[in-house]
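Here is query_14.txt, consisting of compact mmCIF, C-alpha atoms:
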```txt
# COMPACT_ATOMS: atom_id res chain seq x y z
CA MET N 601 -5.73 -5.33 -18.01
CA MET N 602 -8.32 -4.04 -15.57
CA GLU N 603 -9.81 -7.44 -14.81
CA LYS N 604 -6.67 -8.36 -12.91
CA ILE N 605 -7.53 -5.91 -10.16
CA ILE N 606 -9.44 -7.40 -7.27
CA LEU N 607 -11.60 -4.80 -5.68
CA GLY N 608 -12.33 -4.92 -1.99
CA ARG N 609 -12.52 -8.62 -1.49
CA TYR N 610 -15.25 -8.35 1.13
CA LEU N 611 -17.70 -11.25 1.02
CA PRO N 612 -20.99 -10.58 2.76
CA ALA N 613 -21.88 -13.47 5.06
CA ASP N 614 -22.83 -14.06 8.66
CA SER N 615 -20.42 -15.46 11.23
CA VAL N 616 -18.93 -14.60 14.60
CA VAL N 617 -15.95 -13.06 12.79
CA HIS N 618 -18.17 -10.99 10.48
CA ARG N 619 -20.13 -9.63 13.43
CA MET N 620 -17.03 -8.61 15.37
CA ASP N 621 -16.35 -4.93 15.90
CA PRO N 622 -13.82 -3.69 13.30
CA ARG N 623 -11.80 -2.12 16.12
CA ALA N 624 -11.51 -5.50 17.82
CA LYS N 625 -10.47 -7.09 14.53
CA LEU N 626 -7.80 -4.47 13.91
CA LEU N 627 -6.39 -4.83 17.43
CA PHE N 628 -6.52 -8.60 17.05
CA ILE N 629 -4.55 -8.51 13.78
CA PHE N 630 -2.03 -6.10 15.26
CA GLY N 631 -1.52 -8.42 18.23
CA PHE N 632 -1.37 -11.49 16.01
CA VAL N 633 1.31 -9.96 13.76
CA LEU N 634 3.40 -9.31 16.87
CA ILE N 635 3.05 -12.73 18.45
CA VAL N 636 3.68 -14.66 15.23
CA PHE N 637 7.30 -13.65 15.65
CA VAL N 638 7.41 -15.35 19.06
CA ALA N 639 7.07 -18.84 17.54
CA ASN N 640 10.38 -20.60 16.99
CA ASN N 641 9.89 -24.37 17.26
CA VAL N 642 7.58 -27.17 16.11
CA ALA N 643 5.21 -26.91 19.10
CA THR N 644 4.70 -23.15 18.79
CA TYR N 645 4.16 -23.26 15.02
CA ALA N 646 1.69 -26.15 15.43
CA LEU N 647 -0.23 -24.13 18.02
CA LEU N 648 -0.28 -21.03 15.78
CA GLY N 649 -1.43 -23.14 12.82
CA ALA N 650 -4.22 -24.77 14.82
CA PHE N 651 -5.32 -21.36 16.13
CA THR N 652 -5.41 -19.91 12.60
CA LEU N 653 -7.43 -22.87 11.33
CA LEU N 654 -9.88 -22.29 14.19
CA ILE N 655 -10.44 -18.65 13.15
CA VAL N 656 -10.78 -19.66 9.50
CA PHE N 657 -13.38 -22.21 10.55
CA LEU N 658 -15.25 -19.67 12.70
CA SER N 659 -15.22 -17.07 9.91
CA ASN N 660 -17.26 -19.28 7.59
CA VAL N 661 -15.19 -18.08 4.60
CA LYS N 662 -14.91 -20.60 1.79
CA LEU N 663 -11.38 -21.93 1.37
CA ARG N 664 -11.19 -21.10 -2.29
CA PHE N 665 -11.45 -17.37 -1.53
CA LEU N 666 -8.59 -17.64 0.95
CA ILE N 667 -6.49 -19.50 -1.60
CA ALA N 668 -7.23 -16.82 -4.19
CA GLY N 669 -5.86 -14.29 -1.71
CA LEU N 670 -2.65 -16.29 -1.36
CA LYS N 671 -1.98 -16.50 -5.08
CA PRO N 672 -0.07 -13.22 -5.49
CA VAL N 673 2.39 -14.07 -2.71
CA ILE N 674 2.92 -17.77 -3.40
CA LEU N 675 5.98 -17.03 -5.54
CA LEU N 676 7.51 -14.91 -2.79
CA ILE N 677 6.87 -17.69 -0.27
CA LEU N 678 8.48 -20.31 -2.52
CA PHE N 679 11.40 -17.99 -3.19
CA THR N 680 12.12 -17.51 0.53
CA PHE N 681 11.69 -21.23 1.12
CA PHE N 682 14.31 -22.18 -1.47
CA LEU N 683 16.58 -19.35 -0.38
CA HIS N 684 16.73 -20.99 3.03
CA VAL N 685 17.00 -24.51 1.72
CA PHE N 686 20.00 -23.65 -0.41
CA PHE N 687 21.80 -20.99 1.57
CA THR N 688 21.33 -21.66 5.28
CA LYS N 689 24.22 -23.79 6.41
CA GLU N 690 23.24 -25.26 9.77
CA GLY N 691 22.89 -28.80 11.12
CA GLU N 692 23.62 -31.99 9.22
CA ILE N 693 23.94 -32.27 5.46
CA LEU N 694 20.85 -34.01 4.07
CA ALA N 695 21.73 -34.22 0.40
CA GLN N 696 24.47 -33.10 -1.88
CA VAL N 697 24.01 -32.44 -5.58
CA GLY N 698 27.15 -31.17 -7.25
CA PHE N 699 28.26 -28.01 -5.50
CA LEU N 700 24.89 -27.57 -3.79
CA SER N 701 24.43 -29.09 -0.38
CA ILE N 702 21.19 -29.04 1.53
CA TYR N 703 21.42 -28.75 5.28
CA GLU N 704 18.87 -29.90 7.83
CA GLY N 705 18.78 -26.47 9.49
CA GLY N 706 18.03 -24.83 6.14
CA VAL N 707 15.00 -27.02 5.46
CA ILE N 708 13.60 -26.50 8.96
CA LYS N 709 14.13 -22.74 8.79
CA GLY N 710 12.62 -22.62 5.30
CA VAL N 711 9.49 -24.45 6.44
CA PHE N 712 9.10 -22.20 9.51
CA ILE N 713 9.54 -18.92 7.65
CA SER N 714 7.18 -19.96 4.82
CA LEU N 715 4.64 -21.05 7.42
CA ARG N 716 4.94 -17.68 9.16
CA PHE N 717 4.28 -15.91 5.88
CA PHE N 718 1.39 -18.15 5.15
CA LEU N 719 -0.26 -17.53 8.53
CA LEU N 720 0.25 -13.76 8.34
CA ILE N 721 -1.34 -13.55 4.89
CA LEU N 722 -4.18 -15.86 5.89
CA VAL N 723 -5.12 -13.82 8.96
CA THR N 724 -4.81 -10.43 7.24
CA SER N 725 -6.88 -11.64 4.28
CA LEU N 726 -9.54 -12.77 6.75
CA LEU N 727 -9.85 -9.13 7.84
CA THR N 728 -10.47 -7.91 4.29
CA LEU N 729 -12.73 -10.87 3.48
CA THR N 730 -15.00 -10.40 6.49
CA THR N 731 -15.00 -6.59 6.90
CA PRO N 732 -16.21 -4.01 4.37
CA PRO N 733 -13.44 -1.43 3.74
CA ILE N 734 -15.71 1.32 5.05
CA SER N 735 -15.95 -0.45 8.43
CA VAL N 736 -12.18 -0.78 8.49
CA THR N 737 -12.00 3.00 8.01
CA ASP N 738 -14.53 3.58 10.83
CA GLY N 739 -12.46 1.29 13.05
CA ILE N 740 -9.24 3.11 12.25
CA GLU N 741 -10.84 6.51 12.86
CA SER N 742 -12.12 5.39 16.23
CA LEU N 743 -8.85 3.71 17.29
CA PHE N 744 -6.76 6.74 16.34
CA GLY N 745 -9.33 9.17 17.81
CA PRO N 746 -7.15 10.06 20.82
CA LEU N 747 -4.55 11.51 18.40
CA LYS N 748 -6.97 14.42 17.83
CA LYS N 749 -5.68 15.78 21.14
CA ILE N 750 -2.26 16.35 19.58
CA LYS N 751 -3.83 18.07 16.53
CA VAL N 752 -3.69 15.10 14.14
CA PRO N 753 -6.66 15.58 11.76
CA VAL N 754 -7.95 12.03 12.30
CA HIS N 755 -11.50 12.82 11.19
CA GLU N 756 -10.37 14.52 7.98
CA LEU N 757 -8.01 11.65 7.12
CA ALA N 758 -10.75 9.09 7.72
CA LEU N 759 -13.16 11.12 5.59
CA MET N 760 -10.66 11.35 2.73
CA MET N 761 -10.06 7.64 3.02
CA SER N 762 -13.77 6.79 2.81
CA ILE N 763 -14.15 9.13 -0.17
CA SER N 764 -11.14 7.49 -1.77
CA LEU N 765 -12.48 3.97 -1.20
CA ARG N 766 -15.92 4.95 -2.42
CA PHE N 767 -14.58 6.20 -5.75
CA ILE N 768 -12.32 3.26 -6.59
CA PRO N 769 -14.98 1.47 -8.69
CA THR N 770 -16.13 4.76 -10.27
CA LEU N 771 -12.67 5.83 -11.40
CA LEU N 772 -11.82 2.27 -12.42
CA ASP N 773 -14.83 2.26 -14.74
CA GLU N 774 -13.77 5.60 -16.08
CA THR N 775 -10.19 4.42 -16.70
CA ASP N 776 -11.55 1.42 -18.54
CA LYS N 777 -13.81 3.61 -20.66
CA ILE N 778 -11.01 6.05 -21.58
CA MET N 779 -8.63 3.19 -22.38
CA LYS N 780 -11.19 1.61 -24.68
CA ALA N 781 -11.85 4.94 -26.35
CA GLN N 782 -8.11 5.44 -26.95
CA MET N 783 -7.66 1.86 -28.11
CA ALA N 784 -10.46 2.34 -30.63
CA ARG N 785 -8.33 5.18 -32.02
CA GLY N 786 -5.32 2.85 -32.25
CA ALA N 787 -3.55 3.42 -28.92
CA ASP N 788 -1.52 0.51 -27.55
CA PHE N 789 -1.01 0.33 -23.77
CA THR N 790 0.34 -3.14 -23.28
CA SER N 791 3.30 -3.52 -25.61
CA GLY N 792 6.14 -1.56 -27.13
CA SER N 793 9.19 0.11 -25.68
CA ILE N 794 9.20 2.12 -22.47
CA ALA N 795 9.11 5.36 -24.47
CA ASN N 796 6.00 4.21 -26.30
CA ARG N 797 4.31 3.16 -23.10
CA VAL N 798 5.05 6.50 -21.49
CA LYS N 799 3.63 8.30 -24.50
CA ALA N 800 0.50 6.11 -24.44
CA VAL N 801 -0.13 6.83 -20.77
CA ILE N 802 -0.40 10.64 -21.13
CA PRO N 803 -3.69 10.75 -23.08
CA LEU N 804 -5.04 8.34 -20.48
CA LEU N 805 -3.98 10.36 -17.43
CA ILE N 806 -5.09 13.82 -18.51
CA PRO N 807 -8.83 13.02 -18.87
CA LEU N 808 -8.59 11.04 -15.62
CA PHE N 809 -7.20 14.04 -13.73
CA VAL N 810 -9.81 16.37 -15.18
CA SER N 811 -12.62 14.02 -14.27
CA ALA N 812 -11.24 13.38 -10.76
CA PHE N 813 -11.15 17.13 -10.09
CA LYS N 814 -14.66 17.56 -11.51
CA ARG N 815 -16.05 14.80 -9.33
CA ALA N 816 -14.29 16.23 -6.29
CA GLU N 817 -15.88 19.62 -6.98
CA GLU N 818 -19.36 18.13 -7.35
CA LEU N 819 -18.94 16.09 -4.19
CA ALA N 820 -17.78 19.14 -2.23
CA VAL N 821 -20.80 21.14 -3.40
CA ALA N 822 -23.12 18.28 -2.46
CA MET N 823 -21.54 17.96 0.98
CA GLU N 824 -21.73 21.68 1.69
CA ALA N 825 -25.33 21.78 0.52
CA ARG N 826 -26.10 19.10 3.12
CA GLY N 827 -24.42 21.15 5.83
CA TYR N 828 -21.10 19.35 6.25
CA LYS N 829 -18.94 21.43 8.56
CA GLY N 830 -16.15 19.20 9.79
CA GLY N 831 -15.92 16.48 12.41
CA GLU N 832 -17.12 18.50 15.44
CA GLY N 833 -20.47 17.21 16.66
CA ARG N 834 -21.09 15.07 13.60
CA THR N 835 -23.37 12.10 14.21
CA LYS N 836 -22.80 8.72 12.66
CA TYR N 837 -24.97 6.48 10.50
CA ARG N 838 -22.90 3.39 11.28
CA VAL N 839 -22.34 3.26 15.04
CA LEU N 840 -19.64 0.92 16.27
CA ALA N 841 -20.65 -1.29 19.21
CA TRP N 842 -18.23 -3.26 21.35
CA HIS N 843 -19.67 -6.63 22.47
CA VAL N 844 -18.59 -9.38 24.85
CA ARG N 845 -17.32 -11.43 21.88
CA ASP N 846 -14.84 -8.65 21.02
CA THR N 847 -13.36 -8.68 24.52
CA GLY N 848 -13.41 -12.49 24.29
CA ALA N 849 -11.41 -12.52 21.05
CA LEU N 850 -8.72 -10.29 22.54
CA LEU N 851 -8.58 -12.43 25.71
CA LEU N 852 -8.19 -15.53 23.51
CA LEU N 853 -5.28 -13.83 21.77
CA ALA N 854 -3.70 -13.04 25.14
CA VAL N 855 -4.04 -16.72 26.15
CA LEU N 856 -2.41 -17.75 22.85
CA ALA N 857 0.45 -15.31 23.45
CA GLY N 858 0.96 -16.74 26.94
CA ALA N 859 0.98 -20.32 25.64
CA LEU N 860 3.47 -19.40 22.89
CA PHE N 861 5.84 -17.82 25.39
CA MET N 862 5.68 -20.98 27.53
CA LEU N 863 6.30 -23.38 24.64
CA ARG N 864 9.01 -21.26 23.03
CA SER N 865 12.48 -22.78 23.08
CA MET R 1181 -3.58 22.69 3.10
CA LYS R 1182 -6.32 24.98 4.32
CA LYS R 1183 -8.06 23.32 7.21
CA ASN R 1184 -11.60 21.98 6.80
CA ASN R 1185 -11.82 23.15 3.24
CA VAL R 1186 -14.27 20.61 1.89
CA ARG R 1187 -13.12 21.08 -1.69
CA VAL R 1188 -9.54 20.23 -0.76
CA LEU R 1189 -10.66 17.20 1.25
CA THR R 1190 -12.67 15.72 -1.62
CA ALA R 1191 -9.99 16.48 -4.22
CA VAL R 1192 -7.26 14.84 -2.15
CA GLY R 1193 -9.56 11.85 -1.63
CA LEU R 1194 -10.09 11.44 -5.37
CA LEU R 1195 -6.42 11.96 -6.19
CA SER R 1196 -5.63 9.21 -3.67
CA THR R 1197 -8.02 6.90 -5.49
CA LEU R 1198 -6.27 7.69 -8.77
CA SER R 1199 -2.89 7.15 -7.14
CA TYR R 1200 -4.01 3.78 -5.76
CA LEU R 1201 -5.32 2.65 -9.15
CA LEU R 1202 -2.11 3.73 -10.90
CA MET R 1203 -0.13 1.83 -8.26
CA LEU R 1204 -1.89 -1.36 -9.33
CA LEU R 1205 -0.88 -0.85 -12.97
CA ASN R 1206 2.79 -1.42 -12.21
CA PHE R 1207 5.28 -3.02 -14.54
CA PRO R 1208 8.93 -4.08 -14.28
CA ILE R 1209 11.55 -2.45 -16.52
CA PRO R 1210 13.70 -5.00 -18.33
CA PRO R 1211 17.28 -4.70 -17.04
CA PHE R 1212 16.18 -4.64 -13.39
CA PRO R 1213 14.97 -7.62 -11.32
CA GLY R 1214 11.20 -8.24 -11.28
CA PHE R 1215 10.53 -7.07 -7.72
CA LEU R 1216 11.60 -3.51 -8.58
CA MET R 1217 8.43 -2.30 -10.26
CA ILE R 1218 7.65 1.09 -11.69
CA ASP R 1219 4.26 2.80 -11.55
CA PHE R 1220 2.85 6.29 -12.00
CA SER R 1221 1.21 6.60 -8.59
CA ASP R 1222 3.47 9.54 -7.68
CA VAL R 1223 1.94 11.68 -10.46
CA PRO R 1224 -1.36 12.42 -8.60
CA ALA R 1225 0.64 13.15 -5.43
CA LEU R 1226 2.77 15.67 -7.36
CA ILE R 1227 -0.35 17.31 -8.80
CA ALA R 1228 -1.87 17.48 -5.30
CA ALA R 1229 1.31 19.10 -3.96
CA ILE R 1230 1.45 21.68 -6.76
CA VAL R 1231 -2.25 22.60 -6.50
CA PHE R 1232 -2.97 22.30 -2.76
CA GLY R 1233 0.43 22.36 -1.08
CA PRO R 1234 2.93 19.84 0.31
CA VAL R 1235 0.65 18.43 3.03
CA ALA R 1236 -1.90 17.43 0.38
CA GLY R 1237 0.84 15.64 -1.59
CA ILE R 1238 2.03 13.74 1.47
CA THR R 1239 -1.59 12.84 2.31
CA VAL R 1240 -2.07 11.32 -1.16
CA GLU R 1241 1.07 9.21 -0.73
CA PHE R 1242 -0.10 8.17 2.74
CA LEU R 1243 -3.68 7.23 1.76
CA LYS R 1244 -2.51 5.33 -1.33
CA ASN R 1245 -0.35 3.08 0.84
CA VAL R 1246 -2.93 2.67 3.60
CA ILE R 1247 -5.59 1.64 1.06
CA ASN R 1248 -3.22 -0.76 -0.67
CA PHE R 1249 -2.32 -2.27 2.69
CA ILE R 1250 -5.98 -2.72 3.66
CA MET R 1251 -6.83 -4.22 0.27
CA THR R 1252 -3.94 -6.64 -0.09
CA GLY R 1253 -2.06 -6.93 3.21
CA SER R 1254 1.67 -7.39 3.42
CA PRO R 1255 3.71 -10.61 3.41
CA THR R 1256 6.01 -9.29 6.11
CA GLY R 1257 3.17 -8.52 8.52
CA VAL R 1258 4.73 -5.15 9.28
CA PRO R 1259 4.26 -3.16 6.05
CA VAL R 1260 7.95 -2.60 5.21
CA GLY R 1261 7.26 -2.26 1.47
CA HIS R 1262 4.48 0.27 2.03
CA LEU R 1263 6.61 2.36 4.38
CA ALA R 1264 9.45 2.32 1.85
CA ASN R 1265 7.06 3.40 -0.91
CA PHE R 1266 5.75 6.22 1.30
CA ALA R 1267 9.29 7.40 2.09
CA ALA R 1268 10.25 7.32 -1.61
CA GLY R 1269 7.12 9.27 -2.55
CA VAL R 1270 7.61 11.97 0.07
CA THR R 1271 11.32 12.44 -0.65
CA PHE R 1272 10.41 12.81 -4.33
CA ILE R 1273 7.52 15.28 -4.13
CA LEU R 1274 8.82 17.65 -1.43
CA PRO R 1275 11.92 18.88 -3.34
CA VAL R 1276 9.81 19.19 -6.52
CA TYR R 1277 7.31 21.35 -4.64
CA TYR R 1278 9.84 23.59 -2.88
CA VAL R 1279 12.09 24.17 -5.89
CA TYR R 1280 9.05 24.91 -8.07
CA LYS R 1281 7.53 27.28 -5.49
CA ARG R 1282 10.85 29.13 -5.18
CA PHE R 1283 10.65 30.25 -8.84
CA GLU R 1284 6.94 29.76 -9.52
CA SER R 1285 7.39 29.40 -13.26
CA LYS R 1286 6.88 26.70 -15.87
CA LYS R 1287 10.56 26.83 -16.80
CA ALA R 1288 11.67 25.91 -13.29
CA MET R 1289 9.78 22.62 -13.35
CA PRO R 1290 12.43 20.44 -15.10
CA PHE R 1291 14.97 21.54 -12.47
CA ALA R 1292 12.46 20.89 -9.70
CA ILE R 1293 11.91 17.37 -11.02
CA LEU R 1294 15.66 16.83 -11.26
CA ALA R 1295 16.01 17.88 -7.61
CA GLY R 1296 13.23 15.44 -6.70
CA VAL R 1297 14.84 12.52 -8.55
CA VAL R 1298 18.25 13.16 -7.01
CA SER R 1299 16.87 13.59 -3.50
CA MET R 1300 14.67 10.50 -3.75
CA SER R 1301 17.47 8.28 -5.12
CA ALA R 1302 20.03 9.51 -2.59
CA ILE R 1303 17.78 9.31 0.47
CA MET R 1304 16.32 5.94 -0.54
CA SER R 1305 19.83 4.49 -0.95
CA VAL R 1306 20.70 5.56 2.59
CA LEU R 1307 17.36 4.30 3.96
CA ASN R 1308 17.79 0.98 2.16
CA TYR R 1309 21.23 0.52 3.66
CA PHE R 1310 20.29 1.34 7.24
CA ILE R 1311 16.61 0.43 7.52
CA ILE R 1312 14.80 -1.23 4.62
CA LEU R 1313 17.14 -4.09 3.68
CA PRO R 1314 17.84 -4.96 7.35
CA ALA R 1315 14.07 -4.85 7.98
CA TYR R 1316 13.45 -7.32 5.14
CA THR R 1317 16.20 -9.53 6.57
CA LEU R 1318 14.47 -9.41 9.94
CA PHE R 1319 10.90 -10.03 8.78
CA LEU R 1320 11.50 -12.40 5.87
CA GLY R 1321 14.16 -14.21 7.89
CA SER R 1322 16.36 -14.23 4.81
CA PRO R 1323 20.09 -14.68 5.38
CA ALA R 1324 21.62 -11.45 6.63
CA MET R 1325 23.55 -9.50 4.01
CA SER R 1326 26.93 -8.12 4.92
CA GLY R 1327 27.55 -4.39 4.61
CA ALA R 1328 29.58 -4.93 1.44
CA GLU R 1329 26.83 -7.06 -0.17
CA MET R 1330 24.20 -4.44 0.67
CA ARG R 1331 26.38 -1.67 -0.71
CA GLN R 1332 26.84 -3.63 -3.92
CA MET R 1333 23.10 -4.31 -4.26
CA ILE R 1334 22.26 -0.65 -3.63
CA VAL R 1335 24.89 0.77 -5.98
CA ALA R 1336 24.26 -1.75 -8.77
CA GLY R 1337 20.50 -2.20 -8.42
CA ILE R 1338 18.47 0.12 -6.24
CA LEU R 1339 20.19 3.45 -6.93
CA PRO R 1340 20.13 3.21 -10.77
CA PHE R 1341 16.59 1.82 -10.58
CA ASN R 1342 15.38 4.79 -8.53
CA LEU R 1343 17.10 7.20 -10.91
CA VAL R 1344 15.42 5.59 -13.94
CA LYS R 1345 12.07 5.34 -12.17
CA GLY R 1346 12.26 8.96 -11.01
CA ALA R 1347 13.19 10.09 -14.52
CA ILE R 1348 10.28 8.22 -16.18
CA VAL R 1349 7.74 9.38 -13.57
CA GLY R 1350 9.19 12.90 -13.82
CA ILE R 1351 8.83 12.96 -17.61
CA VAL R 1352 5.21 11.77 -17.43
CA PHE R 1353 4.45 14.33 -14.72
CA TYR R 1354 6.11 17.09 -16.72
CA MET R 1355 4.13 16.30 -19.86
CA ILE R 1356 0.90 16.38 -17.85
CA PHE R 1357 1.93 19.49 -15.94
CA VAL R 1358 2.61 21.43 -19.16
CA ARG R 1359 -0.84 20.59 -20.49
CA LEU R 1360 -2.66 21.28 -17.23
CA TYR R 1361 -0.54 24.31 -16.22
CA SER R 1362 -3.04 27.11 -16.67
CA TRP R 1363 -5.80 24.92 -15.31
CA THR R 1364 -3.89 24.08 -12.09
CA LYS R 1365 -3.22 27.83 -11.61
CA LYS R 1366 -6.96 28.45 -11.73
CA LEU R 1367 -7.65 25.58 -9.32
CA ALA R 1368 -5.00 26.73 -6.86
CA ALA R 1369 -6.36 30.27 -6.91
CA ALA R 1370 -10.03 29.32 -6.46
```
Using the file provided, produce a representation of the structure as structure tokens.
Amino acid sequence: MMEKIILGRYLPADSVVHRMDPRAKLLFIFGFVLIVFVANNVATYALLGAFTLLIVFLSNVKLRFLIAGLKPVILLILFTFFLHVFFTKEGEILAQVGFLSIYEGGVIKGVFISLRFFLLILVTSLLTLTTPPISVTDGIESLFGPLKKIKVPVHELALMMSISLRFIPTLLDETDKIMKAQMARGADFTSGSIANRVKAVIPLLIPLFVSAFKRAEELAVAMEARGYKGGEGRTKYRVLAWHVRDTGALLLLAVLAGALFMLRS
Amino acid sequence: MKKNNVRVLTAVGLLSTLSYLLMLLNFPIPPFPGFLMIDFSDVPALIAAIVFGPVAGITVEFLKNVINFIMTGSPTGVPVGHLANFAAGVTFILPVYYVYKRFESKKAMPFAILAGVVSMSAIMSVLNYFIILPAYTLFLGSPAMSGAEMRQMIVAGILPFNLVKGAIVGIVFYMIFVRLYSWTKKLAAA
């Protein structure tokens, strides 16, 4: 049951994309998500596809990892594709089987929308594949820093998020251990009626809550002992540095956006 | 939530982890279509709300979705599903917290949970009609549903699903709450 969970898919390697500042990567993804919706014809989708392939190539990530990232959504992509093929009624009729007729417009729309999905997933998985989650958190904290002025506790949220990310493997191990201990006593988590499942989950959750609170207590004591006193004047171990390549990546994205707007029909 | 209280910060962090892990152990319930999944990730958020206050509960819901988004991404680019999950979580835990606080007794909890289930199902039906389903239409490019079709889908699918989901999560939370009651009192007081 637990093996199904992929934990932080970050793959340590060295490439231009890996070395980019996480802030630049986050801004890049945000921009990319917006401009993907600009594409609406063959030329624009071809350009987007070529651009995505270029980043994949630059990132030095092996294709099989990217494909593994696509697996969970492949069904959704196929579903949308066929939804369009069968239900969009535009253009000429291409084929007719019984009461089902397939229209040209439906096939084209289906291909475009699936492609859009595909590109979005590919680019967002590149972020998680080339950036450790903790850097993503640092990037988010820094990007949302200005919100501190309107009393949003950005530092506290980022701290809670790093704590949370840090303890995923720990609590996962613990869950696994408790499940095995209960299974050894005859508990059954994977089958049976809903009522049985609900009953089985209680003796799993209670020790988990107790241990989560215990760990939180220990961590708080350790942090206070080391003099943690909030975000004010705290220095950083990992310092983010903005390089020319980060500005370059964002400029490249701006050029792509310009080209898409020109080619758009 | 008391500001800068390190103990609260670490506890909310760990409860978010638990919430995220429970979110991954989701399963469909038979009569409903496969994309409506149920999970127990609201239970840690409810515990956080009861022990540390409503802001802590909302924070757990928020962090759970942010972490899930960072880890897996979203097929729509804009995280519609995550925002919907966050809205459902918040509309569930806030009524539970306020009704429970009003009476501050173990006996009030079933009514508090009932209020949470009703509020979550009602508000999510409205949100689905005006925001979530249209947003999916926009981002997935699926054929637009007419108002009547959406109403039918909400009344026949989403509303009963949310009621059942809320009830199951509520029962699990209640069973845990009863066992941890005196302990949470001690934690909240410390």
Name the residues within 9 Å of (-15.8, 9.6, -6.9), counting all atoms listed in the file in the file's coordinates, and put them as a compact mmCIF listing (two decimals) with C-alpha atoms, keeping the file's coordinate frame.
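Okay, point_25.txt is ready:
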```
# COMPACT_ATOMS: atom_id res chain seq x y z
CA ILE N 763 -14.15 9.13 -0.17
CA SER N 764 -11.14 7.49 -1.77
CA LEU N 765 -12.48 3.97 -1.20
CA ARG N 766 -15.92 4.95 -2.42
CA PHE N 767 -14.58 6.20 -5.75
CA ILE N 768 -12.32 3.26 -6.59
CA PRO N 769 -14.98 1.47 -8.69
CA THR N 770 -16.13 4.76 -10.27
CA LEU N 771 -12.67 5.83 -11.40
CA ALA N 812 -11.24 13.38 -10.76
CA ARG N 815 -16.05 14.80 -9.33
CA ALA N 816 -14.29 16.23 -6.29
CA LEU N 819 -18.94 16.09 -4.19
CA THR R 1190 -12.67 15.72 -1.62
CA GLY R 1193 -9.56 11.85 -1.63
CA LEU R 1194 -10.09 11.44 -5.37
CA THR R 1197 -8.02 6.90 -5.49
```
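When only C-alpha atoms are used to compute distances to chain N, the closest of the residues R:Ala1302, R:Ile1250, R:Ile1230, R:Pro1211 turns out to be R:Ile1250.
Using all atoms listed in the file, the residues found no farther than 9 Å from Leu626 in chain N, other than those of its own chain fewer than 5 positions away, are N:Asp621, N:Gly631, N:Leu727, N:Val736, N:Gly739, N:Ile740, N:Leu743.
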Expected axis-aligned box over every listed atom of range 1209-1218 of chain R, 4 Å added per side, centre plus edges in Å to one decimal, as AutoDock Vina command-line options:
```
--center_x 12.5 --center_y -3.6 --center_z -13.0 --size_x 17.6 --size_y 17.3 --size_z 18.6
```
When you look at Ala1264 in chain R with a cut-off of 9 Å (counting all atoms listed in the file), what residues show up, excluding the ones that are within fewer than 6 positions of it in the same chain? I need them as a list of chain:residue names.
R:Met1304, R:Leu1307, R:Asn1308, R:Ile1312
Find the distance between CA of Leu772 in chain N and CA of Val801 in chain N and write it in Å to one decimal.
15.1 Å
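Shortest atom-to-atom contact with chain R among N:Phe699, N:Phe686, N:Phe651, N:Phe717: N:Phe717, counting all atoms listed in the file.
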Name all residues at most 12 Å from Asn1248 in chain R (count all atoms listed in the file; drop same-chain ones fewer than 4 positions away) and give them as an MDAnalysis selection string.
(chainID N and resid 605:608 728 733 761 764:765 768) or (chainID R and resid 1196:1197 1199:1204 1221 1241:1244 1252:1254 1259 1261:1263 1265:1266)
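Those residues that approach Glu741 in chain N to within 10 Å, counting all atoms listed in the file, are Arg623, Ser735, Leu747, Val754, His755, Glu756, Leu757, Ala758, Leu759 and Met761 of chain N; same-chain residues fewer than 6 positions away are not listed.
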With C-alpha atoms retained, export the selected residues as a short mmCIF file (atom, residue, chain, number, x, y, z; two decimals), in the frame of the given file.
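out-v6.cif, written as the output of this step:
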```
data_model
loop_
_atom_site.label_atom_id
_atom_site.label_comp_id
_atom_site.auth_asym_id
_atom_site.auth_seq_id
_atom_site.Cartn_x
_atom_site.Cartn_y
_atom_site.Cartn_z
CA ARG N 623 -11.80 -2.12 16.12
CA SER N 735 -15.95 -0.45 8.43
CA LEU N 747 -4.55 11.51 18.40
CA VAL N 754 -7.95 12.03 12.30
CA HIS N 755 -11.50 12.82 11.19
CA GLU N 756 -10.37 14.52 7.98
CA LEU N 757 -8.01 11.65 7.12
CA ALA N 758 -10.75 9.09 7.72
CA LEU N 759 -13.16 11.12 5.59
CA MET N 761 -10.06 7.64 3.02
#
```
